[in-house]
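Structure data (compact mmCIF, C-alpha atoms) from run-v6.txt:
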```
# COMPACT_ATOMS: atom_id res chain seq x y z
CA MET W 1 -30.34 18.87 41.30
CA ILE W 2 -34.00 18.69 40.27
CA LEU W 3 -35.59 22.02 39.39
CA GLU W 4 -39.27 21.21 39.02
CA SER W 5 -41.46 23.86 37.45
CA CYS W 6 -45.13 23.73 38.36
CA CYS W 7 -47.12 24.63 35.23
CA GLU W 8 -50.82 24.85 34.41
CA THR W 9 -50.54 25.63 30.69
CA ILE W 10 -48.64 24.13 27.78
CA GLU W 11 -47.05 27.49 27.07
CA GLN W 12 -45.71 27.78 30.62
CA ALA W 13 -44.20 24.30 30.46
CA VAL W 14 -42.50 24.91 27.12
CA GLN W 15 -41.02 28.16 28.44
CA ALA W 16 -39.95 26.49 31.69
CA GLU W 17 -37.92 23.93 29.80
CA LYS W 18 -36.25 26.71 27.81
CA ASN W 19 -35.43 28.48 31.06
CA GLY W 20 -33.72 25.44 32.54
CA ALA W 21 -36.37 23.39 34.35
CA THR W 22 -35.29 19.76 34.66
CA ARG W 23 -38.79 18.44 35.35
CA ILE W 24 -42.37 19.65 34.92
CA GLU W 25 -45.25 19.12 37.30
CA PHE W 26 -48.26 19.59 35.04
CA CYS W 27 -51.69 20.42 36.39
CA ARG W 28 -54.49 22.93 36.00
CA SER W 29 -56.18 25.38 38.38
CA LEU W 30 -53.22 26.46 40.46
CA ASP W 31 -55.62 28.76 42.30
CA LYS W 32 -56.96 25.51 43.82
CA GLU W 33 -53.43 24.21 44.52
CA GLY W 34 -53.44 22.14 41.32
CA LEU W 35 -55.99 19.77 39.80
CA THR W 36 -55.75 16.96 37.25
CA PRO W 37 -55.00 18.37 33.78
CA LYS W 38 -56.75 17.38 30.57
CA LEU W 39 -55.46 14.27 28.84
CA LYS W 40 -55.20 16.01 25.47
CA ASP W 41 -53.05 18.77 26.96
CA VAL W 42 -50.57 16.25 28.36
CA GLU W 43 -50.49 14.43 25.03
CA GLN W 44 -49.70 17.70 23.27
CA LEU W 45 -47.10 18.72 25.83
CA LEU W 46 -45.26 15.43 25.42
CA SER W 47 -44.71 16.27 21.76
CA LEU W 48 -43.24 19.68 22.60
CA ILE W 49 -40.78 19.14 25.46
CA SER W 50 -38.15 16.57 26.35
CA VAL W 51 -37.78 16.97 30.12
CA PRO W 52 -39.69 14.53 32.36
CA ILE W 53 -43.33 15.29 33.18
CA ARG W 54 -45.19 14.35 36.34
CA VAL W 55 -48.96 14.69 36.16
CA MET W 56 -51.13 15.85 39.06
CA ILE W 57 -53.86 13.43 40.08
CA ARG W 58 -56.40 15.48 42.04
CA PRO W 59 -59.95 15.73 40.66
CA ASP W 60 -61.14 18.28 43.24
CA ASP W 61 -59.67 20.80 45.65
CA SER W 62 -59.67 18.52 48.70
CA PHE W 63 -56.93 16.48 50.33
CA PHE W 64 -59.58 13.98 51.50
CA ALA W 65 -60.65 11.31 49.01
CA SER W 66 -64.39 10.70 48.77
CA GLU W 67 -65.59 7.56 47.00
CA SER W 68 -66.33 9.54 43.82
CA CYS W 69 -62.96 11.29 44.02
CA LEU W 70 -61.15 7.98 44.37
CA GLU W 71 -62.96 6.56 41.35
CA LEU W 72 -61.83 9.54 39.28
CA CYS W 73 -58.25 9.26 40.56
CA LEU W 74 -58.06 5.63 39.50
CA LYS W 75 -59.60 6.42 36.11
CA HIS W 76 -57.18 9.28 35.47
CA ILE W 77 -54.11 7.26 36.43
CA GLN W 78 -55.18 4.50 34.04
CA GLU W 79 -55.62 7.04 31.22
CA PHE W 80 -52.30 8.81 31.77
CA ASP W 81 -50.31 5.67 32.51
CA VAL W 82 -50.22 4.66 28.84
CA LEU W 83 -48.47 7.93 27.98
CA PRO W 84 -44.66 8.33 28.24
CA ILE W 85 -44.85 10.59 31.30
CA GLU W 86 -42.31 10.06 34.07
CA GLY W 87 -44.85 9.72 36.86
CA PHE W 88 -47.63 11.16 38.97
CA VAL W 89 -48.23 13.61 41.80
CA MET W 90 -50.85 12.94 44.47
CA GLY W 91 -51.52 13.00 48.21
CA TYR W 92 -54.45 12.22 50.49
CA LEU W 93 -55.15 12.43 54.22
CA THR W 94 -57.72 10.92 56.53
CA THR W 95 -60.17 13.12 58.42
CA GLU W 96 -57.77 12.77 61.37
CA LYS W 97 -55.12 14.43 59.18
CA LYS W 98 -52.95 11.34 58.90
CA ILE W 99 -51.74 9.75 55.66
CA ASP W 100 -54.65 7.95 54.00
CA THR W 101 -52.75 4.72 53.50
CA ASP W 102 -55.73 2.88 51.98
CA THR W 103 -56.17 5.50 49.25
CA VAL W 104 -52.45 5.81 48.65
CA THR W 105 -52.11 2.03 48.31
CA LEU W 106 -54.93 1.89 45.76
CA LEU W 107 -53.50 4.72 43.66
CA LEU W 108 -49.97 3.35 43.65
CA GLY W 109 -51.31 0.00 42.53
CA GLU W 110 -52.60 1.48 39.28
CA SER W 111 -49.17 2.29 37.83
CA PRO W 112 -45.56 1.13 38.08
CA LYS W 113 -44.42 4.72 37.51
CA PRO W 114 -42.94 6.78 40.37
CA PHE W 115 -45.11 9.10 42.44
CA THR W 116 -44.57 12.39 44.25
CA PHE W 117 -46.57 12.84 47.46
CA HIS W 118 -47.47 16.52 47.34
CA LYS W 119 -47.99 19.21 49.95
CA ALA W 120 -50.94 17.43 51.53
CA ILE W 121 -48.24 16.32 53.97
CA ASP W 122 -48.02 19.92 55.19
CA GLN W 123 -51.66 19.69 56.27
CA SER W 124 -51.07 16.53 58.28
CA SER W 125 -51.12 16.57 62.08
CA ASN W 126 -47.47 15.48 62.36
CA ILE W 127 -45.18 15.87 59.36
CA LEU W 128 -42.36 13.64 60.58
CA ALA W 129 -44.80 10.90 61.57
CA SER W 130 -46.43 11.21 58.14
CA LEU W 131 -43.02 10.98 56.51
CA HIS W 132 -42.35 7.78 58.43
CA THR W 133 -45.65 6.36 57.17
CA LEU W 134 -44.72 7.17 53.58
CA GLU W 135 -41.38 5.38 53.88
CA ARG W 136 -43.13 2.05 53.36
CA PHE W 137 -44.30 3.00 49.87
CA THR W 138 -41.42 2.33 47.50
CA SER W 139 -43.29 3.84 44.50
CA ILE W 140 -43.24 7.23 46.21
CA ASP W 141 -39.76 8.57 45.50
CA THR W 142 -40.35 12.28 46.15
CA ILE W 143 -42.16 14.27 48.83
CA LEU W 144 -43.02 17.91 48.17
CA SER W 145 -43.20 20.06 51.29
CA SER W 146 -42.68 23.48 52.80
CA GLY W 147 -42.04 21.90 56.18
CA GLY W 148 -45.57 22.74 57.29
CA PHE W 149 -45.06 26.49 56.97
CA ASN W 150 -46.32 29.05 54.46
CA THR W 151 -42.93 29.21 52.77
CA ALA W 152 -40.06 26.79 52.33
CA MET W 153 -37.67 29.22 53.98
CA GLU W 154 -39.79 29.30 57.13
CA GLY W 155 -39.83 25.51 57.12
CA ALA W 156 -36.13 25.09 56.34
CA GLU W 157 -35.22 23.34 59.60
CA VAL W 158 -38.10 20.88 59.27
CA LEU W 159 -37.20 20.19 55.65
CA LYS W 160 -33.62 19.38 56.62
CA LYS W 161 -34.87 17.03 59.35
CA MET W 162 -37.14 15.37 56.80
CA GLN W 163 -34.27 14.75 54.39
CA ASP W 164 -32.00 13.48 57.17
CA SER W 165 -34.61 10.94 58.27
CA SER W 166 -35.89 9.79 54.87
CA SER W 167 -34.69 7.62 52.02
CA LYS W 168 -36.83 9.66 49.64
CA THR W 169 -36.09 12.92 47.87
CA ILE W 170 -37.48 15.81 49.89
CA MET W 171 -38.41 18.55 47.43
CA ALA W 172 -38.78 22.01 48.91
CA GLY W 173 -41.64 24.14 47.63
CA GLY W 174 -43.18 27.38 48.81
CA ARG W 175 -42.26 30.77 47.36
CA ILE W 176 -39.01 29.54 45.84
CA THR W 177 -38.00 31.54 42.76
CA LYS W 178 -35.00 31.70 40.47
CA GLU W 179 -33.94 34.82 42.39
CA ASN W 180 -33.86 33.16 45.82
CA LEU W 181 -33.07 29.55 44.83
CA ARG W 182 -29.36 29.89 45.61
CA LYS W 183 -30.17 31.15 49.11
CA HIS W 184 -32.56 28.27 49.73
CA HIS W 185 -30.03 25.71 48.56
CA LYS W 186 -27.23 27.21 50.66
CA ILE W 187 -29.37 26.76 53.77
CA MET W 188 -31.13 23.46 52.96
CA GLN W 189 -28.74 21.54 50.69
CA LEU W 190 -31.63 19.49 49.27
CA ARG W 191 -31.66 17.54 46.02
CA ALA W 192 -34.84 19.07 44.60
CA TYR W 193 -36.72 22.38 44.50
CA HIS W 194 -40.19 23.22 43.17
CA GLY W 195 -42.11 26.32 42.20
CA THR W 196 -44.06 28.21 39.58
CA LYS W 197 -41.15 30.64 39.22
CA ILE W 198 -38.27 28.26 39.91
CA VAL W 199 -36.59 29.08 36.57
```
Can you turn what I pasted into structure tokens?
Amino acid sequence: MILESCCETIEQAVQAEKNGATRIEFCRSLDKEGLTPKLKDVEQLLSLISVPIRVMIRPDDSFFASESCLELCLKHIQEFDVLPIEGFVMGYLTTEKKIDTDTVTLLLGESPKPFTFHKAIDQSSNILASLHTLERFTSIDTILSSGGFNTAMEGAEVLKKMQDSSSKTIMAGGRITKENLRKHHKIMQLRAYHGTKIV
């Protein structure tokens, strides 16, 4: 089972590994749902922990990629790709709230590393249709979602449907903590769980 701890500081990530996290999603500005971290922080973190790290690629607090945003995304992926991180985290929608396949294709083309498509999918107009769209992208191996609800528990039935209909790992996120993880897993039986307090 993957227990992914979402961290915005080096100290949080180091502690998360000690507490049993099996993977780190590293970003900054969690108050904006996570933005791209600084390169030097990722470099330092790599020297301090041994669990896999996935780096958030999101220059601003939007799920819609402007031309300037896309340029920064490509630049950041190129910079981080030379580091021994496991992969990346990203997700973009069109103004019609469908998967922005053009942007996703461009970003995936910048690295052979695996990608997580993050909770932008929860803002899409149809989660299961969006999931079907993402199936074509082999570089995306994980999809983070709360099933379109405020919490993963509220979206449990949708999350189970997502996993049943997808070849990818559906990772539940949304108010999951070490205290309620067992309850979530008993209901959902997923392969991966995500949170800032997951461990």
Item to check | Close residues, W:Ile187 itself excluded, 12 Å, all atoms listed in the file, min 6 positions apart in chain, as an MDAnalysis selection string | outcome: chainID W and resid 152:160 172 180:181
Item to check | Distance of atom CA of W:Ser167 from atom CA of W:Leu108, expressed in Å to one decimal place | outcome: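 Atom CA of W:Ser167 lies 17.9 Å from atom CA of W:Leu108.
Of the listed residues W:Ala21, W:Ile127, W:Val104, W:Met90, the one whose atoms come nearest to W:Ile198 is W:Ala21, with distances taken using all atoms listed in the file.
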Item to check | atom CA of W:Leu107 to atom CA of W:Gln123, distance in Å rounded to a single decimal | outcome: 19.7 Å
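What separates atom CA of W:Tyr193 from atom CA of W:Ile99 is a distance of 22.6 Å.
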For stretch 107-195 of chain W against stretch 46-54 of chain W, with a cut-off of 12 Å and counting only C-alpha atoms, what is the closest atom pair and its distance in Å to one decimal for every residue that makes the cut, ordered by chain and number, as JSON lines?
```
{"residue": "W:Lys113", "atom": "CA", "partner": "W:Arg54", "partner_atom": "CA", "distance": 9.7}
{"residue": "W:Pro114", "atom": "CA", "partner": "W:Arg54", "partner_atom": "CA", "distance": 8.9}
{"residue": "W:Phe115", "atom": "CA", "partner": "W:Arg54", "partner_atom": "CA", "distance": 8.0}
{"residue": "W:Thr116", "atom": "CA", "partner": "W:Arg54", "partner_atom": "CA", "distance": 8.2}
{"residue": "W:Phe117", "atom": "CA", "partner": "W:Arg54", "partner_atom": "CA", "distance": 11.3}
{"residue": "W:His118", "atom": "CA", "partner": "W:Arg54", "partner_atom": "CA", "distance": 11.4}
{"residue": "W:Thr142", "atom": "CA", "partner": "W:Arg54", "partner_atom": "CA", "distance": 11.1}
```
Next on the checklist: Env of W:Asp122: 10 Å cut, atoms = all atoms listed in the file, seq-sep filter 6 positions within chain, self excluded. Answer as a VMD selection string.
Outcome noted: chain W and resid 97 130 144 to 150
Item to check | Distance query W:Tyr92 at most 6 Å, all atoms listed in the file, self and fewer than 2 positions along chain excluded, as a PyMOL selection string | outcome: chain W and resi 63-64+100
Checklist entry - Got a sec to check which residues sit within 10 Å of (-54.6, 8.2, 28.0), counting only C-alpha atoms, and write them as a ChimeraX atom specification? => result /W:38-40,42-43,75-84
Checklist outcome for this item: Nearest to W:Glu71, restricted to all atoms listed in the file and choosing among W:Val14, W:Leu190, W:Leu106, W:Ala120, comes out as W:Leu106
Checklist entry - W:Lys178: which residues within 12 Å, counting all atoms listed in the file, same-chain residues fewer than 3 positions away excluded, as a list in words? => result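 Selected residues are Leu3, Glu4, Ser5, Ala16, Asn19, Gly20, Ala21, Arg175, Leu181, Arg182, Lys183, His184, His185, Tyr193, His194, Gly195, Thr196, Lys197, Ile198 and Val199 of chain W.
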Any chance you can output those residues with C-alpha atoms as a PDB file, in the frame of the given file?
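As a result, part.pdb now contains:
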```
ATOM      1  CA  LEU W   3     -35.590  22.020  39.390  1.00  0.00           C
ATOM      2  CA  GLU W   4     -39.270  21.210  39.020  1.00  0.00           C
ATOM      3  CA  SER W   5     -41.460  23.860  37.450  1.00  0.00           C
ATOM      4  CA  ALA W  16     -39.950  26.490  31.690  1.00  0.00           C
ATOM      5  CA  ASN W  19     -35.430  28.480  31.060  1.00  0.00           C
ATOM      6  CA  GLY W  20     -33.720  25.440  32.540  1.00  0.00           C
ATOM      7  CA  ALA W  21     -36.370  23.390  34.350  1.00  0.00           C
ATOM      8  CA  ARG W 175     -42.260  30.770  47.360  1.00  0.00           C
ATOM      9  CA  LEU W 181     -33.070  29.550  44.830  1.00  0.00           C
ATOM     10  CA  ARG W 182     -29.360  29.890  45.610  1.00  0.00           C
ATOM     11  CA  LYS W 183     -30.170  31.150  49.110  1.00  0.00           C
ATOM     12  CA  HIS W 184     -32.560  28.270  49.730  1.00  0.00           C
ATOM     13  CA  HIS W 185     -30.030  25.710  48.560  1.00  0.00           C
ATOM     14  CA  TYR W 193     -36.720  22.380  44.500  1.00  0.00           C
ATOM     15  CA  HIS W 194     -40.190  23.220  43.170  1.00  0.00           C
ATOM     16  CA  GLY W 195     -42.110  26.320  42.200  1.00  0.00           C
ATOM     17  CA  THR W 196     -44.060  28.210  39.580  1.00  0.00           C
ATOM     18  CA  LYS W 197     -41.150  30.640  39.220  1.00  0.00           C
ATOM     19  CA  ILE W 198     -38.270  28.260  39.910  1.00  0.00           C
ATOM     20  CA  VAL W 199     -36.590  29.080  36.570  1.00  0.00           C
TER      21      VAL W 199
END
```
Checklist entry - Which is closer to W:Ile121 than all the others in W:Phe137, W:Gln15, W:Gly91, W:Gly109, using all atoms listed in the file? => result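 Nearest to W:Ile121: W:Gly91.
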